[in-house]
>>> print(open('run.tsv').read())   # TSV, C-alpha atoms and all ligand atoms
chain	number	residue	atom	x	y	z
O	1	MET	CA	14.32	7.43	3.58
O	2	GLN	CA	14.88	3.73	4.23
O	3	THR	CA	11.60	1.79	4.57
O	4	GLU	CA	11.72	-0.98	7.16
O	5	ILE	CA	9.37	-3.97	6.86
O	6	LEU	CA	8.45	-5.27	10.31
O	7	GLY	CA	6.70	-8.50	11.28
O	8	PRO	CA	3.65	-8.44	13.54
O	9	ASP	CA	5.57	-9.53	16.68
O	10	PRO	CA	4.93	-7.65	19.97
O	11	ILE	CA	8.20	-5.65	19.80
O	12	SER	CA	7.51	-4.50	16.23
O	13	LEU	CA	3.92	-3.61	17.12
O	14	ARG	CA	5.16	-1.49	20.04
O	15	LYS	CA	7.66	0.21	17.72
O	16	ALA	CA	4.95	0.92	15.12
O	17	ALA	CA	2.62	2.28	17.81
O	18	ASN	CA	5.36	4.53	19.18
O	19	LEU	CA	6.08	5.90	15.70
O	20	LEU	CA	2.37	6.61	15.19
O	21	LEU	CA	2.05	8.30	18.59
O	22	ALA	CA	5.09	10.42	17.71
O	23	GLY	CA	3.29	11.67	14.57
O	24	GLU	CA	4.86	9.38	11.94
O	25	VAL	CA	3.11	7.36	9.22
O	26	VAL	CA	3.13	3.54	9.17
O	27	ALA	CA	1.63	1.19	6.57
O	28	ILE	CA	-0.63	-1.36	8.24
O	29	PRO	CA	-2.56	-4.46	7.16
O	30	THR	CA	-6.35	-4.52	7.32
O	31	GLU	CA	-8.72	-7.25	6.15
O	32	THR	CA	-9.58	-5.21	3.02
O	33	VAL	CA	-6.36	-3.58	1.75
O	34	TYR	CA	-3.21	-2.16	3.38
O	35	GLY	CA	-3.68	1.31	4.85
O	36	LEU	CA	-1.24	4.18	5.38
O	37	ALA	CA	-1.90	5.08	9.00
O	38	ALA	CA	-1.25	8.17	11.10
O	39	HIS	CA	-2.48	9.49	14.46
O	40	GLY	CA	-6.04	10.50	13.57
O	41	LEU	CA	-6.29	13.35	16.06
O	42	LYS	CA	-3.03	15.11	15.07
O	43	ALA	CA	-3.32	17.39	12.06
O	44	GLN	CA	0.43	17.36	11.34
O	45	ALA	CA	0.55	13.56	11.36
O	46	VAL	CA	-2.43	13.35	9.02
O	47	GLN	CA	-0.78	15.79	6.62
O	48	LYS	CA	2.09	13.32	6.22
O	49	ILE	CA	-0.38	10.79	4.77
O	50	PHE	CA	-1.38	13.23	2.05
O	51	SER	CA	2.21	14.06	1.16
O	52	ALA	CA	3.43	10.42	1.15
O	53	LYS	CA	0.54	9.39	-1.11
O	54	GLY	CA	0.50	12.53	-3.24
O	55	ARG	CA	-3.22	12.69	-2.41
O	56	PRO	CA	-5.16	15.96	-2.69
O	57	SER	CA	-6.27	17.20	0.73
O	58	THR	CA	-9.84	17.47	-0.57
O	59	ASP	CA	-10.30	13.68	-0.25
O	60	PRO	CA	-11.38	12.78	3.33
O	61	LEU	CA	-9.88	9.86	5.30
O	62	ILE	CA	-11.34	6.98	7.31
O	63	LEU	CA	-10.65	6.83	11.07
O	64	HIS	CA	-9.96	3.31	12.35
O	65	LEU	CA	-11.30	3.25	15.91
O	66	PRO	CA	-9.28	1.82	18.83
O	67	THR	CA	-12.28	-0.35	19.83
O	68	PRO	CA	-15.54	-1.34	18.13
O	69	ASP	CA	-17.48	0.67	20.74
O	70	LEU	CA	-19.28	3.59	19.09
O	71	LYS	CA	-20.37	4.99	22.49
O	72	ALA	CA	-16.69	5.20	23.49
O	73	ALA	CA	-15.96	7.05	20.21
O	74	LEU	CA	-18.78	9.48	21.07
O	75	ALA	CA	-17.39	10.04	24.58
O	76	ALA	CA	-13.89	10.60	23.10
O	77	GLY	CA	-15.16	13.33	20.75
O	78	ILE	CA	-14.50	11.32	17.57
O	79	VAL	CA	-18.14	11.19	16.45
O	80	ALA	CA	-20.99	13.43	17.64
O	81	GLU	CA	-24.76	13.42	18.06
O	82	PRO	CA	-27.13	12.88	16.39
O	83	ILE	CA	-26.11	9.24	15.97
O	84	PRO	CA	-29.07	7.20	14.72
O	85	GLU	CA	-29.89	4.10	16.80
O	86	VAL	CA	-29.38	2.00	13.71
O	87	ALA	CA	-25.65	2.91	13.70
O	88	TYR	CA	-25.23	0.97	16.96
O	89	GLN	CA	-27.11	-1.99	15.49
O	90	LEU	CA	-24.85	-1.89	12.42
O	91	THR	CA	-21.71	-1.99	14.58
O	92	SER	CA	-23.06	-5.04	16.44
O	93	ALA	CA	-23.83	-6.77	13.15
O	94	PHE	CA	-20.74	-5.87	11.08
O	95	TRP	CA	-17.84	-4.80	13.33
O	96	PRO	CA	-15.11	-5.90	13.30
O	97	GLY	CA	-15.44	-5.88	9.53
O	98	PRO	CA	-15.37	-4.00	6.24
O	99	LEU	CA	-18.14	-1.47	6.95
O	100	THR	CA	-17.29	2.24	7.15
O	101	MET	CA	-20.00	4.57	8.47
O	102	ILE	CA	-20.24	8.31	7.84
O	103	LEU	CA	-21.47	10.05	11.01
O	104	PRO	CA	-21.36	13.58	12.43
O	105	LYS	CA	-17.75	14.60	13.18
O	106	GLY	CA	-16.73	14.89	16.85
O	107	PRO	CA	-14.89	18.00	18.15
O	108	LYS	CA	-11.54	16.19	18.61
O	109	VAL	CA	-11.16	15.29	14.92
O	110	PRO	CA	-9.03	17.78	12.96
O	111	LEU	CA	-10.56	19.14	9.76
O	112	GLU	CA	-7.55	17.72	7.86
O	113	VAL	CA	-9.06	14.24	8.38
O	114	THR	CA	-12.47	15.14	6.98
O	115	SER	CA	-11.26	17.66	4.36
O	116	GLY	CA	-13.33	20.28	6.14
O	117	LEU	CA	-16.56	18.23	6.13
O	118	PRO	CA	-18.81	18.22	9.21
O	119	SER	CA	-18.99	14.40	8.96
O	120	VAL	CA	-16.40	11.70	9.64
O	121	ALA	CA	-15.85	8.16	8.32
O	122	VAL	CA	-15.26	5.49	10.99
O	123	ARG	CA	-14.67	1.75	10.99
O	124	TYR	CA	-13.24	-1.04	13.16
O	125	PRO	CA	-11.17	-3.45	11.03
O	126	ALA	CA	-11.23	-7.24	11.31
O	127	HIS	CA	-7.47	-7.82	10.85
O	128	PRO	CA	-5.85	-9.07	14.11
O	129	VAL	CA	-2.63	-7.06	13.50
O	130	ALA	CA	-4.59	-3.84	12.95
O	131	GLN	CA	-6.63	-4.55	16.09
O	132	LYS	CA	-3.52	-5.17	18.22
O	133	LEU	CA	-1.87	-2.00	16.93
O	134	LEU	CA	-5.02	0.08	17.55
O	135	SER	CA	-5.29	-1.33	21.03
O	136	ILE	CA	-1.63	-0.51	21.87
O	137	ALA	CA	-1.75	2.99	20.34
O	138	ASP	CA	-5.22	3.55	21.85
O	139	VAL	CA	-6.00	6.44	19.48
O	140	PRO	CA	-8.01	6.47	16.23
O	141	LEU	CA	-5.77	5.93	13.19
O	142	ALA	CA	-6.54	7.76	9.97
O	143	ALA	CA	-5.71	5.40	7.11
O	144	PRO	CA	-6.45	5.55	3.42
O	145	SER	CA	-5.25	2.75	1.16
O	146	ALA	CA	-1.43	2.61	1.10
O	147	ASN	CA	-0.98	3.36	-2.61
O	148	ARG	CA	0.18	6.47	-4.38
O	149	PHE	CA	-2.82	8.58	-5.30
O	150	GLY	CA	-4.99	7.13	-8.07
O	151	ARG	CA	-3.04	3.86	-8.28
O	152	ILE	CA	-3.94	0.27	-7.42
O	153	SER	CA	-4.53	-0.41	-3.72
O	154	PRO	CA	-1.96	-2.80	-2.18
O	155	THR	CA	-3.05	-6.13	-0.71
O	156	ASP	CA	0.33	-7.32	0.59
O	157	ALA	CA	3.48	-5.79	2.07
O	158	LYS	CA	5.43	-6.16	-1.19
O	159	ALA	CA	2.82	-4.12	-3.07
O	160	VAL	CA	2.99	-1.40	-0.38
O	161	SER	CA	6.74	-1.37	-0.79
O	162	GLU	CA	6.37	-0.91	-4.57
O	163	GLU	CA	3.98	2.00	-3.96
O	164	LEU	CA	5.52	3.81	-1.01
O	165	GLY	CA	9.00	2.32	-0.47
O	166	GLY	CA	11.45	5.12	0.35
O	167	ARG	CA	8.61	7.49	1.28
O	168	ILE	CA	7.56	6.03	4.65
O	169	PRO	CA	9.58	4.69	7.61
O	170	VAL	CA	7.78	1.38	8.32
O	171	ILE	CA	5.52	-1.23	6.73
O	172	LEU	CA	3.90	-3.63	9.17
O	173	ASP	CA	3.61	-6.98	7.38
O	174	GLY	CA	0.44	-8.87	8.25
O	175	GLY	CA	0.31	-11.13	5.20
O	176	SER	CA	-2.12	-10.96	2.27
O	177	CYS	CA	-5.47	-9.23	2.77
O	178	GLN	CA	-8.46	-11.56	3.01
O	179	THR	CA	-11.11	-9.37	1.42
O	180	GLY	CA	-9.03	-7.66	-1.23
O	181	VAL	CA	-11.24	-4.63	-1.97
O	182	GLU	CA	-11.93	-1.59	0.20
O	183	SER	CA	-14.71	-1.42	2.80
O	184	THR	CA	-18.34	-0.63	2.03
O	185	VAL	CA	-18.87	3.07	2.82
O	186	LEU	CA	-22.38	3.80	4.17
O	187	SER	CA	-23.44	7.37	4.84
O	188	LEU	CA	-25.82	7.86	7.76
O	189	PHE	CA	-25.21	11.59	7.78
O	190	LYS	CA	-28.22	13.90	7.36
O	191	GLN	CA	-29.97	11.73	4.79
O	192	GLU	CA	-31.48	8.35	4.02
O	193	PRO	CA	-28.71	5.75	4.36
O	194	VAL	CA	-26.83	5.54	1.06
O	195	ILE	CA	-23.84	3.44	-0.05
O	196	LEU	CA	-21.09	5.77	-1.28
O	197	ARG	CA	-18.75	2.88	-2.13
O	198	PRO	CA	-19.85	-0.76	-2.55
O	199	GLY	CA	-17.78	-3.44	-0.80
O	200	LYS	CA	-18.05	-6.92	0.67
O	201	ILE	CA	-20.95	-5.94	2.94
O	202	THR	CA	-23.86	-5.69	0.52
O	203	ALA	CA	-26.92	-3.46	0.27
O	204	GLU	CA	-29.07	-6.51	1.09
O	205	GLN	CA	-27.09	-7.30	4.26
O	206	LEU	CA	-27.36	-3.66	5.38
O	207	GLY	CA	-31.05	-3.64	4.41
O	208	ARG	CA	-31.78	-6.36	6.95
O	209	ILE	CA	-30.77	-3.94	9.72
O	210	LEU	CA	-31.92	-0.69	8.08
O	211	GLY	CA	-35.36	-2.08	7.14
O	212	LYS	CA	-34.76	-1.10	3.51
O	213	ASN	CA	-31.89	-1.75	1.11
O	214	PRO	CA	-29.79	1.40	0.79
O	215	LYS	CA	-29.19	2.77	-2.70
O	216	ILE	CA	-25.69	2.46	-4.14
O	217	LEU	CA	-24.42	5.72	-5.55
O	218	SER	CA	-23.29	4.30	-8.87
O	219	THR	CA	-19.91	4.89	-10.42
O	220	LYS	CA	-21.72	5.85	-13.61
O	221	SER	CA	-23.62	8.66	-11.91
O	222	LYS	CA	-20.40	9.88	-10.30
O	223	LEU	CA	-18.68	9.79	-13.67
O	224	ASP	CA	-21.52	11.67	-15.33
O	225	GLN	CA	-22.06	14.31	-12.70
O	226	SER	CA	-18.77	15.49	-11.46
O	227	MET	CA	-15.83	14.11	-13.32
O	228	PRO	CA	-14.24	15.81	-16.29
O	229	SER	CA	-12.83	12.37	-17.17
O	230	PRO	CA	-12.54	9.03	-15.37
O	231	GLY	CA	-8.82	9.64	-15.04
O	232	MET	CA	-9.70	12.50	-12.74
O	233	LEU	CA	-11.79	10.34	-10.40
O	234	GLU	CA	-10.71	10.93	-6.82
O	235	SER	CA	-10.06	7.28	-6.25
O	236	HIS	CA	-9.48	5.56	-9.50
O	237	TYR	CA	-7.72	2.33	-8.78
O	238	ALA	CA	-5.83	2.34	-12.02
O	239	PRO	CA	-2.85	0.50	-13.45
O	240	ALA	CA	-0.36	2.53	-15.53
O	241	THR	CA	-1.22	0.41	-18.60
O	242	PRO	CA	-4.69	1.37	-19.91
O	243	LEU	CA	-7.35	-1.13	-18.79
O	244	TYR	CA	-10.33	-1.98	-21.01
O	245	LEU	CA	-13.51	-3.84	-20.04
O	246	VAL	CA	-14.64	-6.53	-22.47
O	247	ASP	CA	-18.33	-7.44	-22.63
O	248	GLN	CA	-17.82	-11.18	-23.18
O	249	PRO	CA	-15.32	-13.96	-22.42
O	250	ILE	CA	-12.02	-13.35	-24.22
O	251	THR	CA	-11.24	-15.89	-26.95
O	252	HIS	CA	-8.65	-14.06	-29.11
O	253	PHE	CA	-5.17	-13.35	-27.80
O	254	PRO	CA	-3.01	-11.23	-30.12
O	255	THR	CA	0.39	-10.43	-28.63
O	256	GLY	CA	1.19	-7.04	-27.08
O	257	ILE	CA	-1.90	-7.14	-24.85
O	258	GLN	CA	-2.42	-8.54	-21.34
O	259	TYR	CA	-5.60	-10.57	-20.77
O	260	ILE	CA	-7.43	-11.14	-17.48
O	261	HIS	CA	-9.97	-13.98	-17.35
O	262	TYR	CA	-12.63	-14.04	-14.66
O	263	ALA	CA	-12.45	-17.81	-14.10
O	264	SER	CA	-10.25	-20.57	-15.49
O	265	ASN	CA	-8.56	-23.60	-13.93
O	266	ASP	CA	-6.13	-23.93	-16.86
O	267	LYS	CA	-2.68	-24.13	-15.23
O	268	GLN	CA	-0.80	-23.85	-18.55
O	269	LEU	CA	-1.78	-20.27	-19.44
O	270	PRO	CA	0.98	-18.11	-20.97
O	271	PRO	CA	2.27	-15.12	-18.95
O	272	ASN	CA	0.09	-12.63	-20.84
O	273	ARG	CA	-3.08	-14.33	-19.50
O	274	GLN	CA	-4.05	-14.05	-15.82
O	275	VAL	CA	-7.03	-15.42	-13.91
O	276	LEU	CA	-9.03	-13.85	-11.07
O	277	THR	CA	-10.41	-17.09	-9.68
O	278	PRO	CA	-9.55	-20.69	-10.65
O	279	ILE	CA	-12.87	-22.03	-9.33
O	280	GLY	CA	-15.11	-19.12	-10.30
O	281	ASP	CA	-16.00	-17.85	-6.82
O	282	PRO	CA	-16.39	-14.09	-6.23
O	283	GLU	CA	-14.54	-14.07	-2.86
O	284	THR	CA	-11.34	-15.33	-4.50
O	285	ALA	CA	-11.85	-12.95	-7.44
O	286	ALA	CA	-12.04	-10.02	-4.99
O	287	GLN	CA	-9.03	-11.25	-3.03
O	288	ASN	CA	-6.96	-11.48	-6.23
O	289	LEU	CA	-8.26	-8.46	-8.15
O	290	TYR	CA	-5.60	-5.87	-7.26
O	291	ARG	CA	-2.76	-8.41	-7.20
O	292	VAL	CA	-3.66	-9.59	-10.70
O	293	LEU	CA	-4.06	-6.04	-12.03
O	294	ARG	CA	-0.67	-5.20	-10.57
O	295	LYS	CA	0.90	-8.26	-12.19
O	296	ALA	CA	-0.65	-7.52	-15.60
O	297	ASP	CA	0.54	-3.93	-15.28
O	298	ALA	CA	4.11	-5.06	-14.58
O	299	GLN	CA	4.25	-7.13	-17.82
O	300	SER	CA	4.86	-5.36	-21.09
O	301	GLY	CA	1.76	-4.59	-23.10
O	302	HIS	CA	0.00	-1.55	-24.47
O	303	ALA	CA	-3.37	-2.51	-22.96
O	304	ILE	CA	-4.94	-4.80	-20.36
O	305	LEU	CA	-8.28	-6.42	-21.28
O	306	ILE	CA	-10.51	-7.94	-18.60
O	307	GLU	CA	-13.57	-10.15	-18.90
O	308	PRO	CA	-16.93	-9.16	-17.38
O	309	ILE	CA	-17.64	-9.89	-13.71
O	310	PRO	CA	-20.64	-12.25	-13.38
O	311	ASP	CA	-23.53	-11.42	-11.01
O	312	SER	CA	-22.92	-12.16	-7.31
O	313	ASP	CA	-23.02	-10.38	-3.95
O	314	PHE	CA	-19.52	-9.10	-4.67
O	315	ALA	CA	-20.26	-7.94	-8.24
O	316	PRO	CA	-21.18	-4.30	-7.40
O	317	ALA	CA	-17.86	-3.79	-5.57
O	318	LEU	CA	-15.76	-5.48	-8.23
O	319	ARG	CA	-17.49	-3.71	-11.11
O	320	ASP	CA	-17.19	-0.35	-9.31
O	321	ARG	CA	-13.41	-0.73	-8.91
O	322	LEU	CA	-12.93	-1.94	-12.48
O	323	GLN	CA	-15.07	0.82	-13.92
O	324	ARG	CA	-13.03	3.41	-12.06
O	325	ALA	CA	-9.74	1.77	-13.07
O	326	SER	CA	-10.62	1.49	-16.73
O	327	THR	CA	-9.98	3.74	-19.68
O	328	GLY	CA	-12.83	2.33	-21.78
O	329	THR	CA	-14.26	-0.80	-23.38
O	330	ALA	CA	-12.91	-3.27	-25.94
O	331	TYR	CA	-14.57	-5.50	-28.53
O	332	TRP	CA	-13.29	-7.98	-31.10
O	333	ASP	CA	-14.25	-6.88	-34.61
O	334	GLY	CA	-13.38	-10.22	-36.21
O	335	GLN	CA	-9.73	-9.29	-36.83
O	336	VAL	CA	-8.40	-6.96	-34.15
O	337	TRP	CA	-9.38	-5.61	-30.75
O	338	LYS	CA	-11.10	-2.24	-31.01
O	339	LEU	CA	-10.33	-0.13	-27.96
O	340	THR	CA	-12.97	2.49	-27.17
O	341	GLN	CA	-12.25	5.24	-24.64
O	342	TRP	CA	-14.92	6.51	-22.22
O	343	GLN	CA	-16.36	9.72	-23.55
O	344	VAL	CA	-15.17	12.76	-21.70
O	345	ILE	CA	-18.24	14.55	-20.39
P	401	LIG	O1	-11.08	-0.68	3.35
P	401	LIG	C1	-10.87	0.53	3.52
P	401	LIG	O2	-11.78	1.32	3.76
P	401	LIG	C2	-9.41	0.99	3.44
P	401	LIG	C3	-8.66	0.40	4.63
P	401	LIG	C4	-7.24	0.89	4.72
P	401	LIG	O3	-9.35	0.67	5.81
P	401	LIG	N1	-9.35	2.42	3.45
P	401	LIG	C5	-9.72	3.18	2.39
P	401	LIG	O4	-9.56	4.53	2.56
P	401	LIG	O5	-10.17	2.70	1.37
P	401	LIG	P1	-9.62	5.58	1.36
P	401	LIG	O6	-9.16	6.86	1.95
P	401	LIG	O7	-8.87	5.07	0.20
P	401	LIG	O8	-11.14	5.69	1.06
P	401	LIG	C6	-12.00	6.42	1.92
P	401	LIG	C7	-13.32	6.65	1.26
P	401	LIG	C8	-13.17	7.66	0.14
P	401	LIG	O9	-14.01	7.27	-0.93
P	401	LIG	C9	-13.67	8.94	0.81
P	401	LIG	O10	-14.15	9.87	-0.15
P	401	LIG	C10	-14.76	8.41	1.71
P	401	LIG	O11	-14.25	7.19	2.19
P	401	LIG	N2	-15.00	9.32	2.85
P	401	LIG	C11	-14.18	9.54	3.91
P	401	LIG	N3	-14.73	10.45	4.75
P	401	LIG	C12	-15.91	10.81	4.21
P	401	LIG	C13	-16.94	11.73	4.60
P	401	LIG	N4	-16.86	12.44	5.72
P	401	LIG	N5	-18.03	11.83	3.80
P	401	LIG	C14	-18.12	11.09	2.66
P	401	LIG	N6	-17.18	10.22	2.23
P	401	LIG	C15	-16.08	10.08	2.99
P	402	MG	MG	-7.98	4.51	-1.71
>>> encode(input="run.tsv", output="structure tokens")
Amino acid sequence: MQTEILGPDPISLRKAANLLLAGEVVAIPTETVYGLAAHGLKAQAVQKIFSAKGRPSTDPLILHLPTPDLKAALAAGIVAEPIPEVAYQLTSAFWPGPLTMILPKGPKVPLEVTSGLPSVAVRYPAHPVAQKLLSIADVPLAAPSANRFGRISPTDAKAVSEELGGRIPVILDGGSCQTGVESTVLSLFKQEPVILRPGKITAEQLGRILGKNPKILSTKSKLDQSMPSPGMLESHYAPATPLYLVDQPITHFPTGIQYIHYASNDKQLPPNRQVLTPIGDPETAAQNLYRVLRKADAQSGHAILIEPIPDSDFAPALRDRLQRASTGTAYWDGQVWKLTQWQVI
């Protein structure tokens, strides 16, 4: 299959919407990462997402709503009662934006979207191209990140093309993603609010509306409880080259390894050293994270080493993604890097 990359002009948007309404998949930009979209109320369309990505059907998808109006989603059978009042307050505070809420599933949503769960994930993205497309199609779009299963999420059209080129008909190019890591996933379903995946919208921000900061279900607990090995994590955002977390700034650079610094404004670094943020701000680090991992992965090297992420509002999200992407830790023993794999539990 030939993959066409379309700009976000009105004719291309209409073409993308028509493809989606006809049951095809289209890669679309959002403010977080690119998504692989399909008509969210058509089981056969949704199945195409799983086959293009090579994703197991046990991993539920997020529905991107045609408008930020949760009452309209309720009336359309996308979500169902009981919807806590606080869900409406959260949409006013954070939509459009990178907050996904887990709510009771409405009767119109096929079980393929939710992997058989009685709950559904919904969000309204902040990217203008995604909003225009949703408004033209006027149906919810199921869209996981537009990478092959387990790989690094794409944050520009070129990265989508590397991941899914030849497997999907169209990529809608809306430029580079602003946020750079996936949305915060907050469950409001049958329990105290809990963050299932940290993102740009923090526990503290959510706590101001919820009255109490929600707990973040940590990557560590997920690793311990249910995963035979981190490589088996349902979404492990991993490069093909093994990634190791280093517990201090990297000062030794033997060849054959790729190094990722958190912050450096050194413009003369050799190609085996990348930087997440020249000025040391977490927003830029998040924006660049997947692009830099992808670049390090494309260079030759038997390992990628990355420096620790300093504390900030964005740190839980960045550390979560890196932990899931990594094979283990590394330390300098005075002569060589010692690479230590996570223990398989
Ligand atoms: O930023 C994002 O959220 C991106 C863009 C494209 O919108 N999408 C994305 O989708 O990251 P995906 O499929 O890669 O991640 C969806 C996450 C998964 O961790 C999934 O397990 C969780 O949401 N999820 C979806 N439905 C759920 C449900 N009913 N209950 C619990 N978790 C759910
Ligand atoms: Mg994903």
>>> residues_near_ligand(input="run.tsv", ligand="ligand MG 402 (chain P)", cutoff="9 Å", atoms="all atoms listed in the file", output="PyMOL selection string")
chain O and resi 33+35+144-153+182+234-237
>>> closest_residue(input="run.tsv", among="O:Ala325, O:Ala37, O:Leu19, O:Ile309", to="ligand LIG 401 (chain P)", atoms="all atoms listed in the file")
O:Ala37
>>> closest_atom_pairs(input="run.tsv", of="chain O", to="ligand LIG 401 (chain P)", cutoff="7 Å", atoms="only C-alpha atoms and all ligand atoms", output="JSON lines")
{"residue": "O:Thr30", "atom": "CA", "partner": "P:LIG401", "partner_atom": "C3", "distance": 6.1}
{"residue": "O:Thr32", "atom": "CA", "partner": "P:LIG401", "partner_atom": "O1", "distance": 4.8}
{"residue": "O:Val33", "atom": "CA", "partner": "P:LIG401", "partner_atom": "C3", "distance": 5.4}
{"residue": "O:Tyr34", "atom": "CA", "partner": "P:LIG401", "partner_atom": "C4", "distance": 5.2}
{"residue": "O:Gly35", "atom": "CA", "partner": "P:LIG401", "partner_atom": "C4", "distance": 3.6}
{"residue": "O:Leu36", "atom": "CA", "partner": "P:LIG401", "partner_atom": "C4", "distance": 6.9}
{"residue": "O:Asp59", "atom": "CA", "partner": "P:LIG401", "partner_atom": "O10", "distance": 5.4}
{"residue": "O:Pro60", "atom": "CA", "partner": "P:LIG401", "partner_atom": "N3", "distance": 4.3}
{"residue": "O:Leu61", "atom": "CA", "partner": "P:LIG401", "partner_atom": "C11", "distance": 4.5}
{"residue": "O:Ile62", "atom": "CA", "partner": "P:LIG401", "partner_atom": "C11", "distance": 5.1}
{"residue": "O:Pro98", "atom": "CA", "partner": "P:LIG401", "partner_atom": "O1", "distance": 6.1}
{"residue": "O:Thr100", "atom": "CA", "partner": "P:LIG401", "partner_atom": "O2", "distance": 6.5}
{"residue": "O:Ile102", "atom": "CA", "partner": "P:LIG401", "partner_atom": "N4", "distance": 5.7}
{"residue": "O:Thr114", "atom": "CA", "partner": "P:LIG401", "partner_atom": "N4", "distance": 5.3}
{"residue": "O:Leu117", "atom": "CA", "partner": "P:LIG401", "partner_atom": "N4", "distance": 5.8}
{"residue": "O:Ser119", "atom": "CA", "partner": "P:LIG401", "partner_atom": "N4", "distance": 4.3}
{"residue": "O:Val120", "atom": "CA", "partner": "P:LIG401", "partner_atom": "N4", "distance": 4.0}
{"residue": "O:Ala121", "atom": "CA", "partner": "P:LIG401", "partner_atom": "N3", "distance": 4.4}
{"residue": "O:Pro125", "atom": "CA", "partner": "P:LIG401", "partner_atom": "O3", "distance": 6.9}
{"residue": "O:Ala143", "atom": "CA", "partner": "P:LIG401", "partner_atom": "C4", "distance": 5.3}
{"residue": "O:Pro144", "atom": "CA", "partner": "P:LIG401", "partner_atom": "O6", "distance": 3.3}
{"residue": "O:Ser145", "atom": "CA", "partner": "P:LIG401", "partner_atom": "O7", "distance": 4.4}
{"residue": "O:Val181", "atom": "CA", "partner": "P:LIG401", "partner_atom": "O1", "distance": 6.6}
{"residue": "O:Glu182", "atom": "CA", "partner": "P:LIG401", "partner_atom": "O1", "distance": 3.4}
{"residue": "O:Ser183", "atom": "CA", "partner": "P:LIG401", "partner_atom": "O1", "distance": 3.7}
{"residue": "O:Val185", "atom": "CA", "partner": "P:LIG401", "partner_atom": "O11", "distance": 6.2}
{"residue": "O:Ser187", "atom": "CA", "partner": "P:LIG401", "partner_atom": "C14", "distance": 6.8}
{"residue": "O:Leu196", "atom": "CA", "partner": "P:LIG401", "partner_atom": "N6", "distance": 6.9}
{"residue": "O:Arg197", "atom": "CA", "partner": "P:LIG401", "partner_atom": "O9", "distance": 6.6}
{"residue": "O:Ser235", "atom": "CA", "partner": "P:LIG401", "partner_atom": "O9", "distance": 6.6}
>>> atom_distance(input="run.tsv", atom1="CA of Pro270 in chain O", atom2="CA of Leu305 in chain O")
14.9 Å
>>> closest_residue(input="run.tsv", among="O:Leu217, O:Leu134, O:Ala93, O:Ile257", to="Ile195 in chain O", atoms="all atoms listed in the file")
O:Leu217
>>> closest_residue(input="run.tsv", among="O:Lys190, O:Pro66, O:Lys200, O:Glu81", to="Thr284 in chain O", atoms="only C-alpha atoms")
O:Lys200
>>> closest_residue(input="run.tsv", among="O:Ser57, O:Ser176, O:Asn288, O:Asn213", to="Val275 in chain O", atoms="all atoms listed in the file")
O:Asn288
>>> atom_distance(input="run.tsv", atom1="CA of Ala73 in chain O", atom2="CA of Pro214 in chain O")
24.5 Å
>>> closest_residue(input="run.tsv", among="O:Pro242, O:Pro107, O:Pro68, O:Gly23", to="Ile306 in chain O", atoms="all atoms listed in the file")
O:Pro242
>>> closest_residue(input="run.tsv", among="O:Thr91, O:Thr202, O:Thr67, O:Thr155", to="Gln178 in chain O", atoms="all atoms listed in the file")
O:Thr155
>>> atom_distance(input="run.tsv", atom1="CA of Pro56 in chain O", atom2="CA of Leu111 in chain O")
13.9 Å
